[in-house]
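This is structure_14.txt (compact mmCIF, C-alpha atoms).
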# COMPACT_ATOMS: atom_id res chain seq x y z
CA MET A 1 0.00 0.00 0.00
CA SER A 2 1.40 3.40 -0.98
CA ASP A 3 1.92 6.28 1.44
CA ILE A 4 -1.07 8.02 -0.19
CA GLN A 5 -3.22 4.99 0.66
CA SER A 6 -1.90 4.58 4.20
CA SER A 7 -4.31 4.59 7.11
CA LYS A 8 -6.37 7.67 7.78
CA LEU A 9 -9.57 8.33 9.68
CA ILE A 10 -12.71 8.96 7.62
CA PRO A 11 -15.12 10.43 10.20
CA PRO A 12 -18.91 10.12 10.21
CA GLY A 13 -20.45 12.73 7.93
CA SER A 14 -18.06 11.81 5.11
CA THR A 15 -19.15 10.33 1.79
CA ILE A 16 -18.31 6.75 0.87
CA GLY A 17 -18.13 5.93 -2.85
CA ILE A 18 -19.01 2.38 -3.90
CA LEU A 19 -17.84 0.81 -7.16
CA GLY A 20 -20.79 -1.43 -7.99
CA GLY A 21 -24.48 -0.91 -7.36
CA GLY A 22 -25.72 -4.40 -6.52
CA GLN A 23 -27.20 -5.87 -3.37
CA LEU A 24 -23.92 -5.84 -1.44
CA GLY A 25 -23.61 -2.10 -1.93
CA ARG A 26 -27.28 -1.68 -1.02
CA MET A 27 -26.84 -3.49 2.30
CA MET A 28 -23.63 -1.55 2.96
CA VAL A 29 -25.60 1.69 2.60
CA LEU A 30 -28.43 0.46 4.81
CA GLN A 31 -26.00 -0.61 7.54
CA GLY A 32 -23.59 2.31 7.20
CA THR A 33 -26.13 5.15 7.15
CA PRO A 34 -26.89 4.89 10.91
CA LEU A 35 -23.18 5.60 11.51
CA GLY A 36 -23.68 8.98 9.84
CA TYR A 37 -22.07 8.33 6.45
CA GLN A 38 -23.33 9.46 3.06
CA PHE A 39 -23.03 7.16 0.04
CA ILE A 40 -22.71 7.41 -3.73
CA THR A 41 -22.44 4.45 -6.09
CA LEU A 42 -21.20 3.91 -9.65
CA ASP A 43 -23.09 1.32 -11.70
CA PRO A 44 -24.04 1.02 -15.38
CA ALA A 45 -27.64 -0.04 -14.62
CA THR A 46 -30.21 2.65 -13.96
CA ASN A 47 -32.15 2.09 -10.74
CA ALA A 48 -29.54 -0.36 -9.46
CA PRO A 49 -30.30 -1.90 -6.03
CA CYS A 50 -27.72 0.31 -4.33
CA GLY A 51 -28.82 3.37 -6.30
CA GLN A 52 -32.32 2.99 -4.83
CA VAL A 53 -30.98 3.88 -1.37
CA SER A 54 -28.09 6.22 -2.28
CA GLN A 55 -26.96 8.67 -4.93
CA GLN A 56 -25.88 6.96 -8.15
CA ILE A 57 -23.61 7.79 -11.06
CA VAL A 58 -24.76 5.79 -14.09
CA GLY A 59 -21.65 4.71 -15.95
CA ARG A 60 -19.48 1.77 -16.94
CA TYR A 61 -16.92 0.44 -14.48
CA ASP A 62 -14.16 0.90 -17.07
CA ASP A 63 -15.14 4.50 -17.85
CA PRO A 64 -12.35 6.77 -16.51
CA GLN A 65 -14.60 9.84 -16.66
CA ALA A 66 -17.27 8.15 -14.51
CA ALA A 67 -14.56 6.93 -12.12
CA GLU A 68 -13.16 10.46 -11.79
CA MET A 69 -16.67 11.76 -11.10
CA LEU A 70 -17.00 9.21 -8.29
CA ALA A 71 -13.60 10.20 -6.92
CA SER A 72 -14.51 13.89 -6.91
CA GLN A 73 -17.63 13.26 -4.80
CA ALA A 74 -16.32 10.66 -2.32
CA ASP A 75 -13.96 10.93 0.64
CA VAL A 76 -13.19 7.20 0.48
CA ILE A 77 -13.91 4.57 -2.18
CA THR A 78 -14.67 0.88 -1.78
CA TYR A 79 -15.92 -1.86 -4.10
CA GLU A 80 -18.75 -4.35 -3.66
CA PHE A 81 -17.58 -7.03 -6.07
CA GLU A 82 -14.14 -8.18 -7.13
CA ASN A 83 -14.61 -8.04 -10.90
CA VAL A 84 -14.09 -4.28 -10.87
CA ASP A 85 -11.45 -3.36 -13.44
CA ALA A 86 -8.16 -3.31 -11.53
CA ASP A 87 -6.85 -0.55 -13.79
CA VAL A 88 -9.80 1.65 -12.80
CA ALA A 89 -9.12 0.88 -9.14
CA ALA A 90 -5.49 1.86 -9.69
CA LEU A 91 -6.61 5.11 -11.35
CA LEU A 92 -8.86 5.85 -8.38
CA GLU A 93 -5.92 5.26 -6.04
CA GLN A 94 -4.23 8.23 -7.70
CA LYS A 95 -7.34 10.42 -7.52
CA SER A 96 -8.89 9.43 -4.21
CA TYR A 97 -8.49 7.35 -1.05
CA VAL A 98 -8.99 3.62 -1.77
CA PRO A 99 -7.86 1.84 1.41
CA GLN A 100 -8.43 -1.62 -0.12
CA GLY A 101 -6.06 -0.66 -2.93
CA SER A 102 -5.85 -2.37 -6.31
CA GLN A 103 -3.30 -5.04 -5.33
CA LEU A 104 -5.87 -7.17 -3.50
CA LEU A 105 -8.15 -7.01 -6.54
CA TYR A 106 -5.24 -7.93 -8.81
CA THR A 107 -4.49 -10.98 -6.67
CA THR A 108 -8.01 -12.30 -6.06
CA GLN A 109 -9.15 -11.82 -9.68
CA HIS A 110 -6.75 -14.56 -10.75
CA ARG A 111 -6.87 -18.10 -9.33
CA LEU A 112 -3.15 -18.79 -9.65
CA ARG A 113 -2.08 -15.52 -8.03
CA GLU A 114 -4.68 -16.09 -5.32
CA LYS A 115 -3.49 -19.62 -4.57
CA ARG A 116 0.11 -18.49 -4.28
CA ALA A 117 -0.90 -15.69 -1.91
CA ILE A 118 -2.86 -18.14 0.24
CA GLU A 119 0.13 -20.48 0.41
CA ALA A 120 2.39 -17.53 1.28
CA ALA A 121 0.12 -16.87 4.28
CA GLY A 122 0.77 -20.41 5.54
CA ALA A 123 -2.63 -21.82 4.58
CA THR A 124 -3.29 -24.94 2.51
CA VAL A 125 -5.02 -25.15 -0.87
CA ALA A 126 -5.94 -28.20 -2.90
CA PRO A 127 -3.03 -29.50 -5.01
CA TYR A 128 -3.09 -27.72 -8.39
CA MET A 129 -1.24 -27.42 -11.67
CA GLU A 130 -1.28 -24.72 -14.33
CA VAL A 131 -1.93 -26.23 -17.78
CA ARG A 132 -1.36 -24.75 -21.24
CA SER A 133 -2.53 -27.56 -23.53
CA ALA A 134 -4.80 -30.59 -23.69
CA ALA A 135 -1.73 -32.77 -23.18
CA GLU A 136 -0.78 -30.94 -19.97
CA THR A 137 -4.42 -31.17 -18.83
CA LEU A 138 -4.30 -34.94 -19.30
CA GLN A 139 -0.98 -35.09 -17.43
CA ALA A 140 -2.54 -33.23 -14.49
CA VAL A 141 -5.58 -35.51 -14.53
CA GLN A 142 -3.31 -38.55 -14.42
CA GLN A 143 -1.35 -37.04 -11.54
CA PHE A 144 -4.36 -35.99 -9.43
CA GLY A 145 -6.78 -38.75 -10.37
CA THR A 146 -10.47 -38.33 -11.10
CA PRO A 147 -12.63 -36.53 -10.43
CA CYS A 148 -10.65 -33.31 -10.67
CA VAL A 149 -11.59 -29.82 -11.81
CA LEU A 150 -10.30 -27.67 -14.66
CA LYS A 151 -10.90 -23.96 -13.99
CA THR A 152 -10.26 -20.70 -15.79
CA ALA A 153 -7.87 -18.44 -13.86
CA THR A 154 -10.18 -15.45 -14.30
CA GLY A 155 -13.87 -14.75 -14.69
CA GLY A 156 -15.37 -17.70 -12.82
CA TYR A 157 -18.21 -17.32 -10.29
CA ASP A 158 -21.22 -19.42 -9.18
CA GLY A 159 -19.73 -22.45 -10.91
CA LYS A 160 -18.94 -20.74 -14.22
CA GLY A 161 -15.56 -21.29 -15.84
CA GLN A 162 -15.26 -24.81 -14.43
CA PHE A 163 -15.31 -28.34 -15.84
CA VAL A 164 -15.42 -31.40 -13.58
CA ILE A 165 -13.31 -34.08 -15.26
CA ARG A 166 -14.62 -37.52 -14.31
CA ASN A 167 -12.40 -39.66 -16.52
CA GLU A 168 -9.20 -39.20 -18.53
CA GLU A 169 -11.12 -39.17 -21.82
CA GLN A 170 -12.73 -35.86 -20.80
CA ALA A 171 -9.40 -34.00 -20.56
CA GLN A 172 -9.48 -32.97 -24.24
CA GLN A 173 -13.13 -31.84 -24.06
CA ALA A 174 -12.52 -29.86 -20.87
CA TYR A 175 -9.51 -28.07 -22.36
CA ASP A 176 -11.36 -27.33 -25.62
CA GLU A 177 -14.34 -25.84 -23.79
CA LEU A 178 -12.44 -23.65 -21.32
CA SER A 179 -9.48 -22.59 -23.48
CA VAL A 180 -11.83 -20.40 -25.55
CA ALA A 181 -11.81 -18.01 -22.57
CA ARG A 182 -8.19 -17.18 -23.53
CA THR A 183 -6.97 -17.06 -19.96
CA GLU A 184 -4.67 -19.29 -17.95
CA LEU A 185 -6.14 -22.63 -16.87
CA VAL A 186 -5.55 -24.61 -13.71
CA VAL A 187 -6.38 -28.20 -12.78
CA GLU A 188 -7.23 -28.75 -9.13
CA GLN A 189 -7.31 -32.03 -7.28
CA PHE A 190 -10.84 -32.79 -6.09
CA ILE A 191 -11.15 -32.58 -2.32
CA HIS A 192 -13.59 -35.09 -0.86
CA PHE A 193 -14.93 -32.74 1.77
CA GLN A 194 -17.36 -33.39 4.59
CA CYS A 195 -18.67 -29.82 4.48
CA GLU A 196 -17.95 -26.38 3.11
CA LEU A 197 -17.16 -23.55 5.51
CA SER A 198 -16.44 -19.85 5.26
CA VAL A 199 -15.09 -17.15 7.53
CA ILE A 200 -15.49 -13.41 7.04
CA ALA A 201 -12.41 -11.61 8.35
CA ALA A 202 -12.31 -7.85 8.80
CA ARG A 203 -9.06 -5.90 8.87
CA SER A 204 -9.18 -2.15 9.42
CA SER A 205 -6.95 0.42 7.80
CA ASN A 206 -5.07 0.64 11.11
CA GLY A 207 -4.41 -3.12 11.23
CA GLU A 208 -7.05 -4.30 13.72
CA ILE A 209 -8.46 -7.73 12.78
CA LYS A 210 -11.67 -9.48 13.83
CA THR A 211 -13.33 -12.59 12.43
CA PHE A 212 -17.01 -13.53 12.33
CA PRO A 213 -18.29 -16.93 13.47
CA VAL A 214 -17.70 -19.76 11.00
CA SER A 215 -20.54 -20.46 8.58
CA GLU A 216 -21.36 -23.92 7.24
CA ASN A 217 -22.46 -23.55 3.63
CA VAL A 218 -24.66 -25.72 1.42
CA HIS A 219 -24.55 -25.13 -2.34
CA VAL A 220 -27.10 -26.22 -4.95
CA ASP A 221 -26.11 -26.01 -8.63
CA ASN A 222 -22.94 -24.13 -7.55
CA ILE A 223 -25.04 -21.35 -5.98
CA LEU A 224 -25.10 -20.82 -2.21
CA HIS A 225 -28.38 -22.16 -0.80
CA LEU A 226 -27.90 -22.22 2.99
CA SER A 227 -25.48 -20.74 5.51
CA ILE A 228 -25.72 -22.41 8.93
CA VAL A 229 -24.30 -20.72 12.02
CA PRO A 230 -22.90 -22.03 14.29
CA ALA A 231 -21.28 -24.42 11.81
CA ARG A 232 -21.82 -28.07 12.72
CA VAL A 233 -18.12 -28.80 13.21
CA SER A 234 -15.99 -28.95 16.35
CA ALA A 235 -14.94 -25.83 18.25
CA GLU A 236 -11.32 -26.70 17.43
CA ILE A 237 -12.02 -26.69 13.67
CA GLN A 238 -13.92 -23.41 13.98
CA GLN A 239 -10.99 -21.86 15.83
CA ARG A 240 -8.50 -23.03 13.21
CA ALA A 241 -10.69 -21.68 10.40
CA GLU A 242 -10.91 -18.26 12.05
CA GLN A 243 -7.16 -18.20 12.71
CA MET A 244 -6.49 -19.13 9.08
CA ALA A 245 -8.75 -16.34 7.79
CA ALA A 246 -7.09 -13.78 10.07
CA ALA A 247 -3.61 -14.90 8.95
CA ILE A 248 -4.54 -14.55 5.27
CA ALA A 249 -6.02 -11.08 5.82
CA GLU A 250 -2.85 -10.04 7.65
CA SER A 251 -0.48 -11.56 5.09
CA MET A 252 -2.29 -9.95 2.15
CA ASN A 253 -2.49 -6.56 3.90
CA ALA A 254 -6.26 -6.61 3.30
CA VAL A 255 -8.40 -3.65 4.32
CA GLY A 256 -12.13 -4.15 4.74
CA LEU A 257 -13.64 -7.61 4.51
CA LEU A 258 -12.04 -10.78 3.20
CA ALA A 259 -14.27 -13.82 2.81
CA VAL A 260 -12.34 -17.10 3.04
CA GLU A 261 -14.12 -20.18 1.67
CA LEU A 262 -12.85 -23.55 2.88
CA PHE A 263 -13.32 -27.28 2.43
CA CYS A 264 -13.35 -29.37 5.63
CA THR A 265 -12.53 -33.06 5.24
CA GLU A 266 -13.80 -35.90 7.39
CA ASP A 267 -10.51 -35.98 9.31
CA GLY A 268 -10.70 -32.23 10.05
CA GLN A 269 -8.24 -30.93 7.44
CA LEU A 270 -8.99 -27.44 6.08
CA TYR A 271 -8.27 -26.38 2.49
CA VAL A 272 -8.87 -22.82 1.29
CA ASN A 273 -10.98 -22.90 -1.86
CA GLU A 274 -11.15 -19.21 -2.76
CA LEU A 275 -11.21 -15.64 -1.46
CA ALA A 276 -13.51 -12.67 -1.96
CA PRO A 277 -12.24 -9.20 -0.92
CA ARG A 278 -15.69 -7.80 -0.08
CA PRO A 279 -18.90 -8.54 1.81
CA HIS A 280 -20.00 -12.08 1.00
CA ASN A 281 -23.25 -13.97 0.55
CA SER A 282 -22.30 -16.37 3.36
CA GLY A 283 -21.98 -13.40 5.73
CA HIS A 284 -25.52 -12.09 5.28
CA TYR A 285 -26.55 -13.91 8.45
CA THR A 286 -24.60 -11.30 10.44
CA ILE A 287 -27.22 -8.58 9.80
CA GLU A 288 -29.51 -9.82 12.58
CA ALA A 289 -27.52 -12.64 14.16
CA CYS A 290 -24.33 -10.79 15.19
CA GLU A 291 -23.59 -7.77 17.37
CA THR A 292 -22.16 -6.07 14.25
CA SER A 293 -23.10 -6.93 10.67
CA GLN A 294 -20.45 -7.64 8.04
CA PHE A 295 -21.59 -4.48 6.21
CA GLU A 296 -21.21 -2.17 9.20
CA GLN A 297 -17.86 -3.81 9.92
CA HIS A 298 -16.68 -3.15 6.38
CA VAL A 299 -17.56 0.54 6.72
CA ARG A 300 -15.77 0.68 10.06
CA ALA A 301 -12.70 -1.03 8.59
CA ILE A 302 -12.26 1.17 5.53
CA CYS A 303 -12.95 4.35 7.53
CA GLY A 304 -10.48 3.52 10.32
CA LEU A 305 -13.09 3.27 13.08
CA PRO A 306 -12.68 0.67 15.85
CA LEU A 307 -14.12 -2.67 14.71
CA GLY A 308 -17.36 -3.82 16.32
CA SER A 309 -18.04 -6.99 18.28
CA THR A 310 -18.60 -10.06 16.10
CA ALA A 311 -20.32 -12.06 18.87
CA LEU A 312 -23.22 -14.27 17.78
CA ARG A 313 -26.56 -13.16 19.20
CA SER A 314 -28.58 -16.12 17.96
CA PRO A 315 -28.20 -19.34 16.00
CA VAL A 316 -29.31 -18.68 12.44
CA VAL A 317 -29.79 -20.24 9.02
CA MET A 318 -29.55 -17.94 6.00
CA VAL A 319 -31.42 -19.17 2.92
CA ASN A 320 -31.05 -17.52 -0.49
CA ILE A 321 -34.05 -16.34 -2.50
CA LEU A 322 -33.58 -16.87 -6.25
CA GLY A 323 -35.73 -15.56 -9.09
CA GLU A 324 -37.87 -18.68 -9.24
CA HIS A 325 -38.73 -18.33 -5.54
CA ILE A 326 -40.09 -14.78 -5.68
CA PRO A 327 -43.83 -15.55 -6.25
CA ALA A 328 -43.93 -18.02 -3.35
CA ILE A 329 -41.89 -15.69 -1.11
CA THR A 330 -44.24 -12.78 -1.83
CA GLU A 331 -47.21 -14.96 -0.94
CA LYS A 332 -45.47 -16.16 2.24
CA MET A 333 -44.73 -12.61 3.39
CA ILE A 334 -48.37 -11.46 3.26
CA GLN A 335 -49.75 -14.43 5.20
CA VAL A 336 -49.77 -15.15 8.94
CA ASP A 337 -47.22 -17.89 9.51
CA LEU A 338 -48.20 -19.97 12.57
CA SER A 339 -45.22 -22.29 12.09
CA THR A 340 -42.86 -19.57 13.28
CA THR A 341 -44.48 -19.81 16.72
CA SER A 342 -44.58 -23.61 16.88
CA LEU A 343 -40.95 -23.90 15.73
CA HIS A 344 -39.70 -20.88 17.73
CA VAL A 345 -38.11 -19.26 14.69
CA ASN A 346 -38.02 -15.64 13.52
CA PRO A 347 -37.55 -15.25 9.75
CA LYS A 348 -36.12 -11.89 8.66
CA TYR A 349 -36.76 -11.15 4.98
CA HIS A 350 -34.37 -9.16 2.78
CA LEU A 351 -35.32 -8.37 -0.84
CA TYR A 352 -32.77 -6.57 -2.99
CA GLY A 353 -34.97 -4.44 -5.26
CA LYS A 354 -33.87 -6.06 -8.51
CA GLU A 355 -36.32 -5.36 -11.31
CA GLU A 356 -36.23 -8.71 -13.10
CA ALA A 357 -36.59 -12.02 -11.25
CA LYS A 358 -34.45 -14.22 -13.48
CA HIS A 359 -34.11 -17.95 -12.89
CA LYS A 360 -31.17 -18.68 -10.53
CA ARG A 361 -30.58 -14.95 -9.97
CA LYS A 362 -30.09 -13.92 -6.34
CA MET A 363 -33.07 -11.73 -5.45
CA GLY A 364 -32.87 -11.73 -1.67
CA HIS A 365 -32.34 -13.86 1.41
CA ILE A 366 -34.00 -14.80 4.68
CA ASN A 367 -32.18 -14.96 8.01
CA VAL A 368 -34.06 -17.53 10.08
CA LEU A 369 -33.20 -16.77 13.70
CA CYS A 370 -33.78 -19.71 16.00
CA HIS A 371 -33.03 -21.39 19.33
CA ASN A 372 -31.53 -24.38 17.54
CA ILE A 373 -30.51 -24.98 13.95
CA GLU A 374 -32.83 -27.95 13.40
CA ASP A 375 -35.90 -25.75 13.98
CA ALA A 376 -34.74 -23.28 11.32
CA LEU A 377 -34.03 -26.09 8.84
CA ALA A 378 -37.47 -27.54 9.58
CA TRP A 379 -39.13 -24.18 8.86
CA ILE A 380 -37.26 -23.89 5.54
CA ASP A 381 -38.29 -27.43 4.64
CA GLN A 382 -41.94 -26.93 5.60
CA THR A 383 -42.35 -23.82 3.43
CA ASN A 384 -41.97 -26.03 0.31
CA ILE A 385 -40.52 -22.96 -1.43
CA TRP A 386 -37.17 -24.68 -1.98
CA ARG A 387 -38.64 -28.14 -2.63
CA HIS A 388 -37.00 -28.40 -6.05
CA GLU A 389 -33.54 -27.60 -4.71
As a first step, turn the structure in this file into structure tokens.
Amino acid sequence: MSDIQSSKLIPPGSTIGILGGGQLGRMMVLQGTPLGYQFITLDPATNAPCGQVSQQIVGRYDDPQAAEMLASQADVITYEFENVDADVAALLEQKSYVPQGSQLLYTTQHRLREKRAIEAAGATVAPYMEVRSAAETLQAVQQFGTPCVLKTATGGYDGKGQFVIRNEEQAQQAYDELSVARTELVVEQFIHFQCELSVIAARSSNGEIKTFPVSENVHVDNILHLSIVPARVSAEIQQRAEQMAAAIAESMNAVGLLAVELFCTEDGQLYVNELAPRPHNSGHYTIEACETSQFEQHVRAICGLPLGSTALRSPVVMVNILGEHIPAITEKMIQVDLSTTSLHVNPKYHLYGKEEAKHKRKMGHINVLCHNIEDALAWIDQTNIWRHE
């Protein structure tokens, strides 16, 4: 981090600029406004979710003029998703205060750079090999065994840019399909995990670090379906996961939030799968279930305020609402739900204000607060809204 980007206090009353106008920015505004901050977002879509609750500049992320306009109106700039153009972030570093910097984006936008940074922090990733041809892909498959996964180094999210290779004969097909992306490719050994976990770590511009409770995550069709907190793993595994996340945040000189996704094997080994340098879907449970939400914590971190308590107030299950669930969710919200009393659960609905409810598109989430996790899972099951999952 340059001297220009070194720690400084951004007091309440200042304006926070957000690159990206999606739901993460929206929730950042909703959680940061009570602290006294103003917000302005840059997004190419008119009436973006974040723009509905803050000022918005309508412009492309790679438009230097729009970026300079954002810089001129903001005292500090953050981003709500990691596919922001790193060159634009670097430009903003020259024009404004971007405590997260562009280096973290540069690293986490590329699987190989990210894996090397994770290893440099002392954490473990699944064995991997960069491949540049179908022959090298086959060599990696033979070394790691099947199944294994071929991934693009850039551009992958929610399962995109990936090919699960189940036999050696698929090596050629996998390479042919993914090489059209014209980016580096990497083969990863498949980890036979017992569960998937994640930890949201927060590191402030003055170096303070706090981690949120470990979330146990369930994916359906490569999209997060449930986040269960407390995670149903031992206290020792939870402690190691939090320590690992903190060590990575420290090693990478992160500012703001860093989401660390992990695989946990049956014998308790932890492998880091990937990182996200921003608020994360698996941290949405924190809005009602923790003393401080991930979004408030991110604002505190980038502005140099003391970090808030991450203590868990209540067990919780977060369930995602996708486009196909919206009609049933709307119906559910306008009816009296007697099952919440019988199961002792308290569902908190969050809809993101997206105009078009596309199939598999994240439209909102519900934080089901509960006395025990099984009651929350029972409520989710009894709604029948996610019966096709």
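Atom CA of Leu42 of chain A is found 7.7 Å from atom CA of Ala67 of chain A.
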Subject >> Residues within 8 Å of segment 108-121 of chain A, all atoms listed in the file, excluding chain neighbours under 3 positions, as a list in words >> reply: Glu82, Asn83, Leu104, Leu105, Thr124, Val125, Glu130, Thr152, Ala153, Thr154, Gly155, Val186, Ala247, Ile248, Ser251, Met252, Val272, Glu274, Leu275, Ala276 and Pro277 of chain A
**OP:** Please indicate the distance in Å from atom CA of Val317 of chain A to atom CA of Ala202 of chain A, rounded to one decimal place.
**Re:** 21.4 Å
**OP:** Please provide as a list of chain:residue names all residues within 7 Å of segment 22-27 of chain A, with the sequence filter that same-chain residues fewer than 5 positions apart are discarded (counting all atoms listed in the file).
**Re:** A:Ala48, A:Pro49, A:Cys50, A:Val53, A:Glu80, A:Pro279, A:Phe295, A:Tyr352
**OP:** Pick out the residues sitting within 7 Å of Ala89 of chain A, and hand them over as a ChimeraX atom specification; count all atoms listed in the file, and ignore anything fewer than 4 positions along from it in its own chain.
**Re:** /A:85,93,102
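Relative to atom CA of Leu178 of chain A, atom CA of Leu138 of chain A is found at 14.1 Å.
If all atoms listed in the file are the atoms counted, then among A:Cys290, A:Ile321, A:Val131, A:Ile10 the closest residue to Leu185 of chain A is A:Val131.
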Original post:
When distances are computed from only C-alpha atoms, which of A:Lys8, A:Met129, A:Thr15, A:Trp386 shows the smallest separation from Gln189 of chain A?
Top reply: A:Met129
Original post:
Using only C-alpha atoms, which residue out of A:Phe190, A:Tyr37, A:Phe263, A:Phe212 lies closest to Arg300 of chain A?
Top reply: A:Tyr37
Original post:
Closest to Leu262 of chain A among A:Ile191, A:Ile40, A:Val345, A:Ile228, using only C-alpha atoms?
Top reply: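 Answer, going by the shortest atom-to-atom distance: A:Ile191.
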Original post:
Counting only C-alpha atoms, which of A:Gln73, A:Asn167, A:Gln172, A:Gln38 gets nearest to Glu136 of chain A?
Top reply: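 Smallest distance to Glu136 of chain A is found for A:Gln172.
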**OP:** For the point (-27.0, -10.9, 8.9) in the file's frame, write as a ChimeraX atom specification all residues with an atom no more than 12 Å away, counting only C-alpha atoms.
**Re:** /A:24,27-28,31,200,212-213,215,227-229,279-297,310,312-319,347-350,365-369
Original post:
Within 10 Å of (-10.3, 4.7, -5.4), in the coordinates the file gives, what residues turn up when you count only C-alpha atoms, written out as a list in words?
Top reply: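 The residues near that point, listed by chain and number, are Gln5, Gly17, Ile18, Leu19, Ala67, Glu68, Leu70, Ala71, Ala74, Asp75, Val76, Ile77, Thr78, Tyr79, Val88, Ala89, Ala90, Leu91, Leu92, Glu93, Gln94, Lys95, Ser96, Tyr97, Val98, Pro99, Gln100, Gly101 and Ser102 of chain A.
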Give me, as a PDB file with C-alpha atoms, keeping the file's coordinate frame, all polymer residues having an atom no more than 6 Å from His225 of chain A, counting only C-alpha atoms and skipping those fewer than 6 positions away in the same chain.
ATOM      1  CA  VAL A 218     -24.660 -25.720   1.420  1.00  0.00           C
ATOM      2  CA  HIS A 219     -24.550 -25.130  -2.340  1.00  0.00           C
ATOM      3  CA  VAL A 319     -31.420 -19.170   2.920  1.00  0.00           C
ATOM      4  CA  ASN A 320     -31.050 -17.520  -0.490  1.00  0.00           C
TER       5      ASN A 320
END
With N, CA and C atoms as the goal, would you fill in the gaps in segment 69-84 of chain A and present it as a JSON list (two decimals), keeping the file's coordinate frame?
[["chain", "number", "residue", "atom", "x", "y", "z"],
["A", 69, "MET", "N", -15.51, 11.11, -11.70],
["A", 69, "MET", "CA", -16.67, 11.76, -11.10],
["A", 69, "MET", "C", -16.94, 11.19, -9.72],
["A", 70, "LEU", "N", -16.83, 9.85, -9.60],
["A", 70, "LEU", "CA", -17.00, 9.21, -8.29],
["A", 70, "LEU", "C", -15.94, 9.70, -7.32],
["A", 71, "ALA", "N", -14.70, 9.77, -7.78],
["A", 71, "ALA", "CA", -13.60, 10.20, -6.92],
["A", 71, "ALA", "C", -13.80, 11.63, -6.42],
["A", 72, "SER", "N", -14.36, 12.48, -7.29],
["A", 72, "SER", "CA", -14.51, 13.89, -6.91],
["A", 72, "SER", "C", -15.59, 14.09, -5.85],
["A", 73, "GLN", "N", -16.51, 13.11, -5.73],
["A", 73, "GLN", "CA", -17.63, 13.26, -4.80],
["A", 73, "GLN", "C", -17.49, 12.41, -3.54],
["A", 74, "ALA", "N", -16.45, 11.59, -3.45],
["A", 74, "ALA", "CA", -16.32, 10.66, -2.32],
["A", 74, "ALA", "C", -15.04, 10.95, -1.53],
["A", 75, "ASP", "N", -15.13, 10.78, -0.23],
["A", 75, "ASP", "CA", -13.96, 10.93, 0.64],
["A", 75, "ASP", "C", -13.17, 9.63, 0.74],
["A", 76, "VAL", "N", -13.82, 8.52, 0.46],
["A", 76, "VAL", "CA", -13.19, 7.20, 0.48],
["A", 76, "VAL", "C", -13.96, 6.34, -0.52],
["A", 77, "ILE", "N", -13.26, 5.42, -1.19],
["A", 77, "ILE", "CA", -13.91, 4.57, -2.18],
["A", 77, "ILE", "C", -13.67, 3.11, -1.85],
["A", 78, "THR", "N", -14.74, 2.32, -1.99],
["A", 78, "THR", "CA", -14.67, 0.88, -1.78],
["A", 78, "THR", "C", -15.32, 0.19, -2.98],
["A", 79, "TYR", "N", -15.25, -1.12, -3.04],
["A", 79, "TYR", "CA", -15.92, -1.86, -4.10],
["A", 79, "TYR", "C", -16.74, -2.99, -3.51],
["A", 80, "GLU", "N", -17.84, -3.33, -4.19],
["A", 80, "GLU", "CA", -18.75, -4.35, -3.66],
["A", 80, "GLU", "C", -18.66, -5.67, -4.40],
["A", 81, "PHE", "N", -17.82, -5.75, -5.41],
["A", 81, "PHE", "CA", -17.58, -7.03, -6.07],
["A", 81, "PHE", "C", -16.20, -7.00, -6.70],
["A", 82, "GLU", "N", -15.56, -8.17, -6.80],
["A", 82, "GLU", "CA", -14.14, -8.18, -7.13],
["A", 82, "GLU", "C", -13.84, -8.12, -8.61],
["A", 83, "ASN", "N", -14.88, -8.12, -9.47],
["A", 83, "ASN", "CA", -14.61, -8.04, -10.90],
["A", 83, "ASN", "C", -14.55, -6.61, -11.41],
["A", 84, "VAL", "N", -14.38, -5.67, -10.49],
["A", 84, "VAL", "CA", -14.09, -4.28, -10.87],
["A", 84, "VAL", "C", -12.76, -4.27, -11.63]]
